[in-house]
Amino acid sequence: MNEQTSLSSVMTDVNKANGLPNAHYIDPAVFDEEKQAVLFANWSGIGFSKDVPEAGDAKPITFMGMPLLMVRDRDGSLGVFQNTCRHRGMILVEEAQKIRGAIRCPYHSWCYGLNGALRATPHVGGPAQSTHEDVNMDELGLFKVRSFVWRDVVFVNIDGNAAPFEEVHQDLMARWSEFDGPLYHGGEAASFQLNVKTNWKLAVENYCESYHLPWVHPGLNSYSRLEDHYNIEERGKYSGQGTLVYRQLRDEAGQTLPDFADLSSKWDEGAEYIAVYPNVLLGAQRDHSFAIVLEPVDCGNTVEHIELYYAASEADTPECNELRTTNAKMWKEVFEEDIFVVEGMQRGRHGQMFDGGRFSPVMDGPTHNFHHWVASQISQARA
Amino acid sequence: MGYVAKAEGAAPLASASEILVTDALLLDAALLEAHAQGNTAELVRLYTLAAENALATGDERAADFYLTHAFIFALEKGGPEAGVLNIRLAERGRMKLLDF
Ligand code: FES
Ligand SMILES: [Fe+2]
């Protein structure tokens, strides 16, 4: 048990508040505390539905040490299970694969269906006897983890105690309901990972704010003027930033990517970038969207899993392939430009006199909103 | 490979005809190979064959052992054999009947 960090200065008004104390970024004990209180107690992103497109597709994912398995069932539903055999606790599936019949444990060959049900326990009652009166197969299915897919991101609530996803994120889902139409993943170029030497929260914090845009992303000039941005901050819910000057990418012939259907005029030049607490970062624009799942590796390392989506598939609009490639390249550059700041802030938190920092009362609301939420989760767990 | 050692050590095979012994050795080698390659379809076929051979020599226990293995790999692989093998094993009181 770590010595508890003080969160009172975090929970106060942004004008007076400090950021989260250093220990929340550099202390493994606090990392473990947040793992339970923040990430496992809420709806965390672990991956993408498009990674298991067809019946039988199974993908193991280790999330903060927890072995999980995403499986597409024959009815099209996606299930997330603990990837641990109910017999002796062997890891069931090591690599992404297509399960044709059943998941067979490589140790003693207990077999599970795509819905997690235990189907066979060979020799459990002695040689060639695959039943035993004390081994009730109906009670020994794989442990299922609550999951919810939104905007292709697979969210899970590992401790099972959070309110339903649609309830927790009701406002945000309504806010972006115009974007509820189908999303088409942009293919190979639209999928990339960045390994960043930072605590996962610094990636959220940097994403939420527009304050840094003119300094860190000067190339985004046209949409980096601070007055063209607004803060998004909903206490206890989510935060981020919006722009009023989103410009569509054009190729030399002036062609643009197709728009999502039936959008209101708000989105003609509007776009929004929102952190879905705790660890998912989403962007919505008229002609494409993206999702970033932050995988916390340890207190100083994070993998950013980035995926881009469009209003039409590659197959239906091959003429747009080049635009999609350019778009992915542009975003990759933007996200790479952020690496030095999130890594620099991480190193800065080894400065023992740093007190969490002083916010700009005007510009840092979205970051403070996130800190307030994190601190609330931790306080609740400590209570 | 535990399975092969068992097959080689199984007494009824040693008392069978010359031809059956030769077949059994070939079968063992083929099983080893199928295990090494993770060839599930071949494992189903060979374990089913091993079960038929055991039944031919009257070794019910060995037959059930092989049928169990044939079934498990059939279940893993998917396809119609799993259902058939499950019925056979259920009828022999070796496992419960599953829905397919
Ligand atoms: S640990 Fe999985 S079958 Fe024994
Ligand atoms: Fe940035």
# chains A, B, ... in the order shown; residues from 1 in each chain; ligands from 1
>>> interface_residues(of="chain B", to="chain A", cutoff="7 Å", atoms="only C-alpha atoms", output="JSON list (two decimals) with N, CA, C and O atoms, in the first residue's frame")
[["chain", "number", "residue", "atom", "x", "y", "z"],
["B", 64, "ASP", "N", -11.72, -46.06, -26.55],
["B", 64, "ASP", "CA", -12.31, -44.85, -25.98],
["B", 64, "ASP", "C", -11.28, -43.74, -25.84],
["B", 64, "ASP", "O", -11.58, -42.56, -26.03],
["B", 65, "PHE", "N", -10.08, -44.13, -25.47],
["B", 65, "PHE", "CA", -9.01, -43.16, -25.35],
["B", 65, "PHE", "C", -8.78, -42.46, -26.70],
["B", 65, "PHE", "O", -8.76, -41.23, -26.80],
["B", 68, "THR", "N", -11.68, -40.28, -27.78],
["B", 68, "THR", "CA", -11.69, -39.02, -27.05],
["B", 68, "THR", "C", -10.77, -38.01, -27.74],
["B", 68, "THR", "O", -11.14, -36.85, -27.96],
["B", 75, "LEU", "N", -13.51, -31.30, -32.46],
["B", 75, "LEU", "CA", -14.18, -30.16, -31.84],
["B", 75, "LEU", "C", -13.39, -28.88, -32.10],
["B", 75, "LEU", "O", -13.94, -27.83, -32.44],
["B", 76, "GLU", "N", -12.09, -28.97, -31.96],
["B", 76, "GLU", "CA", -11.23, -27.81, -32.19],
["B", 76, "GLU", "C", -11.33, -27.35, -33.64],
["B", 76, "GLU", "O", -11.41, -26.15, -33.92],
["B", 77, "LYS", "N", -11.34, -28.30, -34.52],
["B", 77, "LYS", "CA", -11.31, -28.01, -35.96],
["B", 77, "LYS", "C", -12.65, -27.51, -36.49],
["B", 77, "LYS", "O", -12.70, -26.73, -37.44],
["B", 78, "GLY", "N", -13.75, -27.93, -35.87],
["B", 78, "GLY", "CA", -15.06, -27.64, -36.43],
["B", 78, "GLY", "C", -15.37, -28.63, -37.54],
["B", 78, "GLY", "O", -14.47, -29.32, -38.03],
["B", 94, "ARG", "N", -18.96, -42.06, -22.03],
["B", 94, "ARG", "CA", -17.67, -41.42, -21.78],
["B", 94, "ARG", "C", -17.76, -39.89, -21.66],
["B", 94, "ARG", "O", -16.85, -39.25, -21.16],
["B", 95, "MET", "N", -18.80, -39.29, -22.20],
["B", 95, "MET", "CA", -18.99, -37.85, -22.06],
["B", 95, "MET", "C", -20.46, -37.51, -22.29],
["B", 95, "MET", "O", -21.23, -38.37, -22.71]]
>>> residues_near_ligand(ligand="ligand 2", cutoff="8 Å", atoms="only C-alpha atoms and all ligand atoms", output="list of chain:residue names")
A:Asn206, A:Tyr207, A:Glu209, A:Ser210, A:His212, A:Leu213, A:Val216, A:His217, A:Val334, A:Phe335, A:Glu337, A:Asp338
>>> select_by_dssp(residues="stretch 54-231 of chain A", states="strand (DSSP E or B)", output="ChimeraX atom specification")
/A:57-63,66-72,78-82,84,91,97-98,103-104,111-112,118-120,124,126,144-150,153-157,184-185,191-196,229-231
>>> residues_near_ligand(ligand="ligand 1", cutoff="6 Å", atoms="only C-alpha atoms and all ligand atoms", output="number ranges by chain")
A: 85, 87-90, 105, 107-110
>>> closest_residue(among="A:Val38, A:Leu68, A:Leu92, A:Leu244", to="A:Val154", atoms="only C-alpha atoms")
A:Leu68
>>> residues_around(residues="B:Ala41", least_positions_apart="3", cutoff="12 Å", atoms="only C-alpha atoms", output="PDB file with C-alpha atoms, in the first residue's frame")
ATOM      1  CA  ARG A 100     -12.862 -22.917 -36.522  1.00  0.00           C
ATOM      2  CA  GLY A 101     -14.537 -25.104 -33.931  1.00  0.00           C
TER       3      GLY A 101
ATOM      4  CA  LEU B  31       0.334 -39.492 -35.395  1.00  0.00           C
ATOM      5  CA  ALA B  34       0.490 -34.894 -37.366  1.00  0.00           C
ATOM      6  CA  HIS B  35       1.089 -33.690 -33.803  1.00  0.00           C
ATOM      7  CA  GLN B  37       2.667 -30.233 -37.667  1.00  0.00           C
ATOM      8  CA  GLY B  38      -0.457 -29.358 -35.708  1.00  0.00           C
ATOM      9  CA  VAL B  44      -8.932 -36.588 -36.204  1.00  0.00           C
ATOM     10  CA  ARG B  45      -8.518 -39.133 -38.999  1.00  0.00           C
ATOM     11  CA  LEU B  46      -5.626 -41.004 -37.401  1.00  0.00           C
ATOM     12  CA  TYR B  47      -7.072 -41.140 -33.882  1.00  0.00           C
ATOM     13  CA  THR B  48     -10.350 -42.404 -35.332  1.00  0.00           C
ATOM     14  CA  HIS B  69      -8.649 -37.597 -28.798  1.00  0.00           C
ATOM     15  CA  ALA B  70     -10.294 -37.792 -32.212  1.00  0.00           C
ATOM     16  CA  PHE B  71     -13.278 -35.941 -30.757  1.00  0.00           C
ATOM     17  CA  ILE B  72     -11.232 -33.188 -29.101  1.00  0.00           C
ATOM     18  CA  PHE B  73      -9.366 -32.391 -32.293  1.00  0.00           C
ATOM     19  CA  ALA B  74     -12.604 -32.573 -34.293  1.00  0.00           C
ATOM     20  CA  LEU B  75     -14.185 -30.155 -31.838  1.00  0.00           C
ATOM     21  CA  GLU B  76     -11.230 -27.807 -32.192  1.00  0.00           C
ATOM     22  CA  LYS B  77     -11.309 -28.011 -35.962  1.00  0.00           C
ATOM     23  CA  GLY B  78     -15.059 -27.637 -36.434  1.00  0.00           C
ATOM     24  CA  GLY B  79     -17.008 -29.683 -38.959  1.00  0.00           C
ATOM     25  CA  PRO B  80     -19.356 -32.653 -38.836  1.00  0.00           C
ATOM     26  CA  GLU B  81     -17.053 -35.320 -37.322  1.00  0.00           C
ATOM     27  CA  ALA B  82     -17.227 -33.698 -33.892  1.00  0.00           C
TER      28      ALA B  82
END
>>> closest_residue(among="A:Ser265, A:Pro258, A:Ile292, A:Arg235", to="A:Thr367", atoms="only C-alpha atoms")
A:Arg235
>>> atom_distance(atom1="atom CA of A:Tyr230", atom2="atom CA of A:Thr243")
6.4 Å
>>> residues_around(residues="A:Tyr211", least_positions_apart="6", cutoff="12 Å", atoms="only C-alpha atoms", output="list in words")
Glu205, His217, Ser224, Arg225, Leu226, Glu227, Asp228, His229, Tyr230, Asn231, Gly240, Gln241, Gly242, Phe359, Ser360, Pro361, Val362, Met363, Asp364, Gly365, Pro366 and Thr367 of chain A
>>> select_by_dssp(residues="stretch 284-360 of chain A", states="helix (DSSP H, G or I)", output="ChimeraX atom specification")
/A:318-337,339-348
>>> residues_around(residues="A:Ser6", least_positions_apart="4", cutoff="12 Å", atoms="only C-alpha atoms", output="PyMOL selection string")
chain A and resi 2+10-11+18-24+30+355-356+375-376+378-379+382
>>> write_last_selection(atoms="C-alpha atoms", output="short mmCIF file (atom, residue, chain, number, x, y, z; two decimals), in the first residue's frame")
data_model
loop_
_atom_site.label_atom_id
_atom_site.label_comp_id
_atom_site.auth_asym_id
_atom_site.auth_seq_id
_atom_site.Cartn_x
_atom_site.Cartn_y
_atom_site.Cartn_z
CA ASN A 2 1.50 3.28 -1.06
CA VAL A 10 -6.45 18.68 -7.53
CA MET A 11 -10.16 18.63 -6.71
CA ASN A 18 -2.65 22.01 -8.99
CA GLY A 19 -2.18 19.10 -11.32
CA LEU A 20 -1.91 15.55 -10.05
CA PRO A 21 1.18 14.99 -7.87
CA ASN A 22 4.35 13.50 -9.36
CA ALA A 23 3.70 10.12 -7.78
CA HIS A 24 0.77 9.62 -10.17
CA VAL A 30 0.31 4.61 -7.59
CA ASP A 355 3.91 20.47 -7.31
CA GLY A 356 1.63 19.26 -10.08
CA ALA A 375 -8.76 12.18 -8.48
CA SER A 376 -12.47 11.48 -7.90
CA ILE A 378 -9.12 7.39 -6.68
CA SER A 379 -10.85 9.10 -3.77
CA ARG A 382 -9.92 4.94 -1.09
#
>>> residues_around(residues="A:Trp267", least_positions_apart="3", cutoff="7 Å", atoms="only C-alpha atoms", output="list in words")
Leu263, Ser264, Gly270, Ala271, Gln285 and Arg286 of chain A
